[in-house]
Amino acid sequence: MIRLLLADDEELLRSALAALLALEGDLDVVAEAATSTDAVRLAHEHRPDLAVLDLEMPPTDGLRAAEEIRAAELPTRIVLVTRHARPAVLRRALTVGVRGFVPKTTPAARLSEIIRDIAAGRRYVDPDIAASALTEDDCPLTDRELAVLRAARTGASVVEIAAEVHLAPGTVRNLSAAMSKLGAPTLPHARLRSRGGTPIAAAHHAWQQGWI
């Protein structure tokens, strides 16, 4: 029996998938989560064989949840599902140790087969996503710049971002060079929040590209 954790913020889709997978004699859905935070908590609690995580899941996303599950060295293999398959996300997912990457258009019967393959130790990446990833340009940003932009997506101020990523506020404000790499407005010309501002334009662009 393959024990599964399903995580998706859309309850109707999650419940329907759970019901379909439950029809398979060798698959057992032991937990369901609506947020990335709950997904990590339930992974620790149930230690499932495999977690099927929605990529676009609040409050962070499925990839961040996968990173936390993998960092905890739980015996849980990860499958990410997504509506918007951004190739750069695939690269990050494989680096983290995600074993499967599939679009939400995948039929439940096919997903069951993929789950069995991954539970047996194999990998699966949707062929179209893999092909796109091979032709995509590399991310031009450094790890530090990506960390700041990732924090900026929450709408935090410069001071809040600095605290989260353990940098000085002045360093965060100096993201003008990073933003110019993205073709987004530089910090001196961007509209900033009264508490110090955040590079929202660059963060949104980086998210669209799948870099954060």
# chains A, B, ... in the order shown; residues from 1 in each chain; ligands from 1
>>> closest_atom_pairs(of="range 27-64 of chain A", to="range 82-103 of chain A", cutoff="9 Å", atoms="only C-alpha atoms", output="tab-separated table")
residue	atom	partner	partner_atom	distance
A:Val52	CA	A:Gly100	CA	8.9
A:Leu53	CA	A:Thr82	CA	8.7
A:Asp54	CA	A:Thr82	CA	6.0
A:Leu55	CA	A:Thr82	CA	5.3
A:Glu56	CA	A:Thr82	CA	6.8
A:Leu63	CA	A:Ala93	CA	6.6
>>> select_by_dssp(residues="range 32-182 of chain A", states="alpha helix (DSSP H)", output="PDB file with C-alpha atoms, in the first residue's frame")
ATOM      1  CA  SER A  36       1.823  24.585   2.246  1.00  0.00           C
ATOM      2  CA  THR A  37       2.186  25.023   6.017  1.00  0.00           C
ATOM      3  CA  ASP A  38      -0.296  22.225   6.715  1.00  0.00           C
ATOM      4  CA  ALA A  39       1.358  20.044   4.095  1.00  0.00           C
ATOM      5  CA  VAL A  40       4.685  20.222   5.918  1.00  0.00           C
ATOM      6  CA  ARG A  41       3.027  19.636   9.298  1.00  0.00           C
ATOM      7  CA  LEU A  42       1.067  16.621   8.054  1.00  0.00           C
ATOM      8  CA  ALA A  43       4.140  15.197   6.351  1.00  0.00           C
ATOM      9  CA  HIS A  44       5.880  15.193   9.734  1.00  0.00           C
ATOM     10  CA  GLU A  45       2.816  13.745  11.450  1.00  0.00           C
ATOM     11  CA  HIS A  46       1.973  10.953   8.985  1.00  0.00           C
ATOM     12  CA  GLY A  62       4.357  23.778  -3.037  1.00  0.00           C
ATOM     13  CA  LEU A  63       8.035  24.028  -3.888  1.00  0.00           C
ATOM     14  CA  ARG A  64       8.852  25.691  -0.567  1.00  0.00           C
ATOM     15  CA  ALA A  65       6.874  22.942   1.180  1.00  0.00           C
ATOM     16  CA  ALA A  66       8.855  20.353  -0.771  1.00  0.00           C
ATOM     17  CA  GLU A  67      12.105  22.004   0.314  1.00  0.00           C
ATOM     18  CA  GLU A  68      11.070  21.819   3.976  1.00  0.00           C
ATOM     19  CA  ILE A  69       9.954  18.201   3.715  1.00  0.00           C
ATOM     20  CA  ARG A  70      13.191  17.219   2.011  1.00  0.00           C
ATOM     21  CA  ALA A  71      15.297  19.187   4.506  1.00  0.00           C
ATOM     22  CA  PRO A  87      10.471  25.540 -16.827  1.00  0.00           C
ATOM     23  CA  ALA A  88      12.681  27.365 -14.310  1.00  0.00           C
ATOM     24  CA  VAL A  89      10.536  25.939 -11.514  1.00  0.00           C
ATOM     25  CA  LEU A  90      11.303  22.465 -12.844  1.00  0.00           C
ATOM     26  CA  ARG A  91      15.023  23.137 -12.532  1.00  0.00           C
ATOM     27  CA  ARG A  92      14.601  24.300  -8.937  1.00  0.00           C
ATOM     28  CA  ALA A  93      12.365  21.340  -8.123  1.00  0.00           C
ATOM     29  CA  LEU A  94      14.890  18.816  -9.399  1.00  0.00           C
ATOM     30  CA  THR A  95      17.637  20.533  -7.416  1.00  0.00           C
ATOM     31  CA  VAL A  96      15.546  20.207  -4.242  1.00  0.00           C
ATOM     32  CA  ALA A 108      -6.147  10.633 -12.561  1.00  0.00           C
ATOM     33  CA  ALA A 109      -5.431   7.199 -14.026  1.00  0.00           C
ATOM     34  CA  ARG A 110      -2.134   8.419 -15.459  1.00  0.00           C
ATOM     35  CA  LEU A 111      -1.268  10.149 -12.174  1.00  0.00           C
ATOM     36  CA  SER A 112      -1.819   6.830 -10.391  1.00  0.00           C
ATOM     37  CA  GLU A 113       0.729   5.205 -12.694  1.00  0.00           C
ATOM     38  CA  ILE A 114       3.203   8.030 -12.104  1.00  0.00           C
ATOM     39  CA  ILE A 115       2.728   7.712  -8.335  1.00  0.00           C
ATOM     40  CA  ARG A 116       3.510   3.989  -8.513  1.00  0.00           C
ATOM     41  CA  ASP A 117       6.613   4.609 -10.595  1.00  0.00           C
ATOM     42  CA  ILE A 118       7.910   7.262  -8.193  1.00  0.00           C
ATOM     43  CA  ALA A 119       7.113   5.116  -5.155  1.00  0.00           C
ATOM     44  CA  PRO A 127       7.827  15.760 -21.538  1.00  0.00           C
ATOM     45  CA  ASP A 128       6.614  19.210 -22.663  1.00  0.00           C
ATOM     46  CA  ILE A 129       7.892  20.863 -19.489  1.00  0.00           C
ATOM     47  CA  ALA A 130      11.219  19.058 -19.823  1.00  0.00           C
ATOM     48  CA  ALA A 131      11.605  20.170 -23.443  1.00  0.00           C
ATOM     49  CA  SER A 132      10.900  23.795 -22.516  1.00  0.00           C
ATOM     50  CA  ALA A 133      13.416  23.671 -19.679  1.00  0.00           C
ATOM     51  CA  LEU A 134      16.173  22.585 -22.055  1.00  0.00           C
ATOM     52  CA  THR A 135      15.743  25.695 -24.212  1.00  0.00           C
ATOM     53  CA  ASP A 143      21.205  33.486  -4.734  1.00  0.00           C
ATOM     54  CA  ARG A 144      21.197  36.601  -2.533  1.00  0.00           C
ATOM     55  CA  GLU A 145      19.141  38.567  -5.063  1.00  0.00           C
ATOM     56  CA  LEU A 146      16.694  35.709  -5.416  1.00  0.00           C
ATOM     57  CA  ALA A 147      16.272  35.461  -1.637  1.00  0.00           C
ATOM     58  CA  VAL A 148      15.424  39.158  -1.407  1.00  0.00           C
ATOM     59  CA  LEU A 149      12.975  39.028  -4.315  1.00  0.00           C
ATOM     60  CA  ARG A 150      11.341  35.922  -2.865  1.00  0.00           C
ATOM     61  CA  ALA A 151      10.734  37.796   0.377  1.00  0.00           C
ATOM     62  CA  ALA A 152       9.523  40.846  -1.547  1.00  0.00           C
ATOM     63  CA  VAL A 158      12.705  46.732   3.066  1.00  0.00           C
ATOM     64  CA  VAL A 159      13.244  46.488   6.830  1.00  0.00           C
ATOM     65  CA  GLU A 160      11.118  43.328   7.034  1.00  0.00           C
ATOM     66  CA  ILE A 161      12.887  41.759   4.072  1.00  0.00           C
ATOM     67  CA  ALA A 162      16.284  42.582   5.562  1.00  0.00           C
ATOM     68  CA  ALA A 163      15.324  40.819   8.802  1.00  0.00           C
ATOM     69  CA  GLU A 164      14.039  37.749   6.965  1.00  0.00           C
ATOM     70  CA  VAL A 165      17.077  37.249   4.754  1.00  0.00           C
ATOM     71  CA  PRO A 169      18.434  47.292   4.928  1.00  0.00           C
ATOM     72  CA  GLY A 170      20.955  49.213   2.855  1.00  0.00           C
ATOM     73  CA  THR A 171      21.925  46.025   1.044  1.00  0.00           C
ATOM     74  CA  VAL A 172      18.291  45.316   0.234  1.00  0.00           C
ATOM     75  CA  ARG A 173      17.845  48.835  -1.127  1.00  0.00           C
ATOM     76  CA  SER A 176      18.743  48.316  -8.399  1.00  0.00           C
ATOM     77  CA  ALA A 177      21.326  46.281 -10.289  1.00  0.00           C
ATOM     78  CA  ALA A 178      19.301  43.095  -9.890  1.00  0.00           C
ATOM     79  CA  MET A 179      16.156  44.795 -11.124  1.00  0.00           C
ATOM     80  CA  SER A 180      17.932  46.161 -14.174  1.00  0.00           C
ATOM     81  CA  LYS A 181      18.859  42.591 -15.103  1.00  0.00           C
ATOM     82  CA  LEU A 182      15.161  41.788 -15.220  1.00  0.00           C
TER      83      LEU A 182
END
>>> atom_distance(atom1="CA of Arg14 in chain A", atom2="CA of Glu73 in chain A")
25.4 Å
>>> atom_distance(atom1="CA of Arg3 in chain A", atom2="CA of Met57 in chain A")
21.3 Å
>>> select_by_dssp(residues="range 79-181 of chain A", states="strand (DSSP E or B)", output="number ranges by chain")
A: 79-82, 100-103, 124-125
>>> atom_distance(atom1="CA of Thr105 in chain A", atom2="CA of Asp61 in chain A")
19.0 Å
>>> residues_around(residues="Glu24 in chain A", least_positions_apart="3", cutoff="10 Å", atoms="only C-alpha atoms", output="compact mmCIF listing (two decimals) with N, CA and C atoms, in the first residue's frame")
# COMPACT_ATOMS: atom_id res chain seq x y z
N MET A 1 0.83 -1.19 0.00
CA MET A 1 0.00 0.00 0.00
C MET A 1 0.88 1.26 0.00
N ALA A 19 -10.80 11.08 -3.97
CA ALA A 19 -11.81 10.06 -4.22
C ALA A 19 -11.38 9.14 -5.37
N LEU A 20 -10.81 9.73 -6.41
CA LEU A 20 -10.38 8.92 -7.56
C LEU A 20 -9.21 8.02 -7.20
N LEU A 21 -8.24 8.57 -6.47
CA LEU A 21 -7.08 7.75 -6.09
C LEU A 21 -7.48 6.64 -5.12
N LEU A 27 -3.44 2.40 -3.33
CA LEU A 27 -3.18 3.78 -2.93
C LEU A 27 -4.08 4.16 -1.76
N ASP A 28 -3.49 4.77 -0.74
CA ASP A 28 -4.22 5.14 0.46
C ASP A 28 -3.93 6.60 0.81
N ALA A 109 -5.98 8.54 -13.79
CA ALA A 109 -5.43 7.20 -14.03
C ALA A 109 -3.95 7.26 -14.34
N SER A 112 -1.99 8.04 -11.21
CA SER A 112 -1.82 6.83 -10.39
C SER A 112 -0.60 6.03 -10.85
>>> decode(residues="range 16-45 of chain A", atoms="N, CA and C atoms", output="PDB file, in the first residue's frame")
ATOM      1  N   ALA A  16     -11.886  15.617  -5.065  1.00  0.00           N
ATOM      2  CA  ALA A  16     -12.159  14.772  -6.228  1.00  0.00           C
ATOM      3  C   ALA A  16     -10.972  13.862  -6.517  1.00  0.00           C
ATOM      4  N   LEU A  17      -9.764  14.415  -6.435  1.00  0.00           N
ATOM      5  CA  LEU A  17      -8.573  13.602  -6.675  1.00  0.00           C
ATOM      6  C   LEU A  17      -8.431  12.527  -5.612  1.00  0.00           C
ATOM      7  N   ALA A  18      -8.702  12.877  -4.361  1.00  0.00           N
ATOM      8  CA  ALA A  18      -8.618  11.894  -3.281  1.00  0.00           C
ATOM      9  C   ALA A  18      -9.593  10.745  -3.520  1.00  0.00           C
ATOM     10  N   ALA A  19     -10.796  11.083  -3.969  1.00  0.00           N
ATOM     11  CA  ALA A  19     -11.805  10.056  -4.221  1.00  0.00           C
ATOM     12  C   ALA A  19     -11.382   9.143  -5.374  1.00  0.00           C
ATOM     13  N   LEU A  20     -10.807   9.727  -6.410  1.00  0.00           N
ATOM     14  CA  LEU A  20     -10.379   8.924  -7.563  1.00  0.00           C
ATOM     15  C   LEU A  20      -9.205   8.023  -7.205  1.00  0.00           C
ATOM     16  N   LEU A  21      -8.240   8.569  -6.471  1.00  0.00           N
ATOM     17  CA  LEU A  21      -7.085   7.750  -6.087  1.00  0.00           C
ATOM     18  C   LEU A  21      -7.480   6.640  -5.121  1.00  0.00           C
ATOM     19  N   ALA A  22      -8.507   6.912  -4.302  1.00  0.00           N
ATOM     20  CA  ALA A  22      -8.963   5.906  -3.339  1.00  0.00           C
ATOM     21  C   ALA A  22      -9.556   4.677  -4.029  1.00  0.00           C
ATOM     22  N   LEU A  23      -9.940   4.833  -5.298  1.00  0.00           N
ATOM     23  CA  LEU A  23     -10.478   3.697  -6.047  1.00  0.00           C
ATOM     24  C   LEU A  23      -9.390   2.697  -6.424  1.00  0.00           C
ATOM     25  N   GLU A  24      -8.143   3.157  -6.357  1.00  0.00           N
ATOM     26  CA  GLU A  24      -7.022   2.268  -6.659  1.00  0.00           C
ATOM     27  C   GLU A  24      -6.710   1.423  -5.418  1.00  0.00           C
ATOM     28  N   GLY A  25      -6.629   0.136  -5.597  1.00  0.00           N
ATOM     29  CA  GLY A  25      -6.479  -0.763  -4.456  1.00  0.00           C
ATOM     30  C   GLY A  25      -5.185  -0.615  -3.689  1.00  0.00           C
ATOM     31  N   ASP A  26      -4.153  -0.043  -4.334  1.00  0.00           N
ATOM     32  CA  ASP A  26      -2.847   0.041  -3.674  1.00  0.00           C
ATOM     33  C   ASP A  26      -2.497   1.455  -3.232  1.00  0.00           C
ATOM     34  N   LEU A  27      -3.435   2.398  -3.325  1.00  0.00           N
ATOM     35  CA  LEU A  27      -3.183   3.785  -2.929  1.00  0.00           C
ATOM     36  C   LEU A  27      -4.076   4.164  -1.757  1.00  0.00           C
ATOM     37  N   ASP A  28      -3.487   4.768  -0.740  1.00  0.00           N
ATOM     38  CA  ASP A  28      -4.223   5.140   0.462  1.00  0.00           C
ATOM     39  C   ASP A  28      -3.928   6.599   0.814  1.00  0.00           C
ATOM     40  N   VAL A  29      -4.935   7.480   0.673  1.00  0.00           N
ATOM     41  CA  VAL A  29      -4.770   8.893   1.020  1.00  0.00           C
ATOM     42  C   VAL A  29      -4.908   9.024   2.531  1.00  0.00           C
ATOM     43  N   VAL A  30      -3.792   9.257   3.214  1.00  0.00           N
ATOM     44  CA  VAL A  30      -3.803   9.286   4.676  1.00  0.00           C
ATOM     45  C   VAL A  30      -3.969  10.697   5.230  1.00  0.00           C
ATOM     46  N   ALA A  31      -3.779  11.727   4.394  1.00  0.00           N
ATOM     47  CA  ALA A  31      -3.915  13.104   4.876  1.00  0.00           C
ATOM     48  C   ALA A  31      -4.143  14.044   3.703  1.00  0.00           C
ATOM     49  N   GLU A  32      -4.887  15.140   3.993  1.00  0.00           N
ATOM     50  CA  GLU A  32      -5.137  16.182   3.002  1.00  0.00           C
ATOM     51  C   GLU A  32      -4.824  17.536   3.621  1.00  0.00           C
ATOM     52  N   ALA A  33      -4.249  18.430   2.819  1.00  0.00           N
ATOM     53  CA  ALA A  33      -3.880  19.766   3.304  1.00  0.00           C
ATOM     54  C   ALA A  33      -4.335  20.815   2.299  1.00  0.00           C
ATOM     55  N   ALA A  34      -4.671  22.010   2.823  1.00  0.00           N
ATOM     56  CA  ALA A  34      -5.104  23.114   1.977  1.00  0.00           C
ATOM     57  C   ALA A  34      -4.050  24.206   1.860  1.00  0.00           C
ATOM     58  N   THR A  35      -2.974  24.100   2.645  1.00  0.00           N
ATOM     59  CA  THR A  35      -1.908  25.105   2.613  1.00  0.00           C
ATOM     60  C   THR A  35      -0.552  24.409   2.627  1.00  0.00           C
ATOM     61  N   SER A  36       0.468  25.145   2.210  1.00  0.00           N
ATOM     62  CA  SER A  36       1.823  24.585   2.246  1.00  0.00           C
ATOM     63  C   SER A  36       2.267  24.334   3.683  1.00  0.00           C
ATOM     64  N   THR A  37       1.834  25.195   4.602  1.00  0.00           N
ATOM     65  CA  THR A  37       2.186  25.023   6.017  1.00  0.00           C
ATOM     66  C   THR A  37       1.611  23.724   6.567  1.00  0.00           C
ATOM     67  N   ASP A  38       0.327  23.468   6.265  1.00  0.00           N
ATOM     68  CA  ASP A  38      -0.296  22.225   6.715  1.00  0.00           C
ATOM     69  C   ASP A  38       0.319  21.009   6.041  1.00  0.00           C
ATOM     70  N   ALA A  39       0.734  21.166   4.798  1.00  0.00           N
ATOM     71  CA  ALA A  39       1.358  20.044   4.095  1.00  0.00           C
ATOM     72  C   ALA A  39       2.631  19.595   4.803  1.00  0.00           C
ATOM     73  N   VAL A  40       3.447  20.557   5.204  1.00  0.00           N
ATOM     74  CA  VAL A  40       4.685  20.222   5.918  1.00  0.00           C
ATOM     75  C   VAL A  40       4.353  19.587   7.269  1.00  0.00           C
ATOM     76  N   ARG A  41       3.396  20.171   7.982  1.00  0.00           N
ATOM     77  CA  ARG A  41       3.027  19.636   9.298  1.00  0.00           C
ATOM     78  C   ARG A  41       2.515  18.199   9.186  1.00  0.00           C
ATOM     79  N   LEU A  42       1.645  17.955   8.215  1.00  0.00           N
ATOM     80  CA  LEU A  42       1.067  16.621   8.054  1.00  0.00           C
ATOM     81  C   LEU A  42       2.096  15.611   7.545  1.00  0.00           C
ATOM     82  N   ALA A  43       3.067  16.092   6.787  1.00  0.00           N
ATOM     83  CA  ALA A  43       4.140  15.197   6.351  1.00  0.00           C
ATOM     84  C   ALA A  43       4.933  14.697   7.553  1.00  0.00           C
ATOM     85  N   HIS A  44       5.198  15.603   8.505  1.00  0.00           N
ATOM     86  CA  HIS A  44       5.880  15.193   9.734  1.00  0.00           C
ATOM     87  C   HIS A  44       5.005  14.241  10.554  1.00  0.00           C
ATOM     88  N   GLU A  45       3.724  14.523  10.601  1.00  0.00           N
ATOM     89  CA  GLU A  45       2.816  13.745  11.450  1.00  0.00           C
ATOM     90  C   GLU A  45       2.572  12.339  10.899  1.00  0.00           C
TER      91      GLU A  45
END
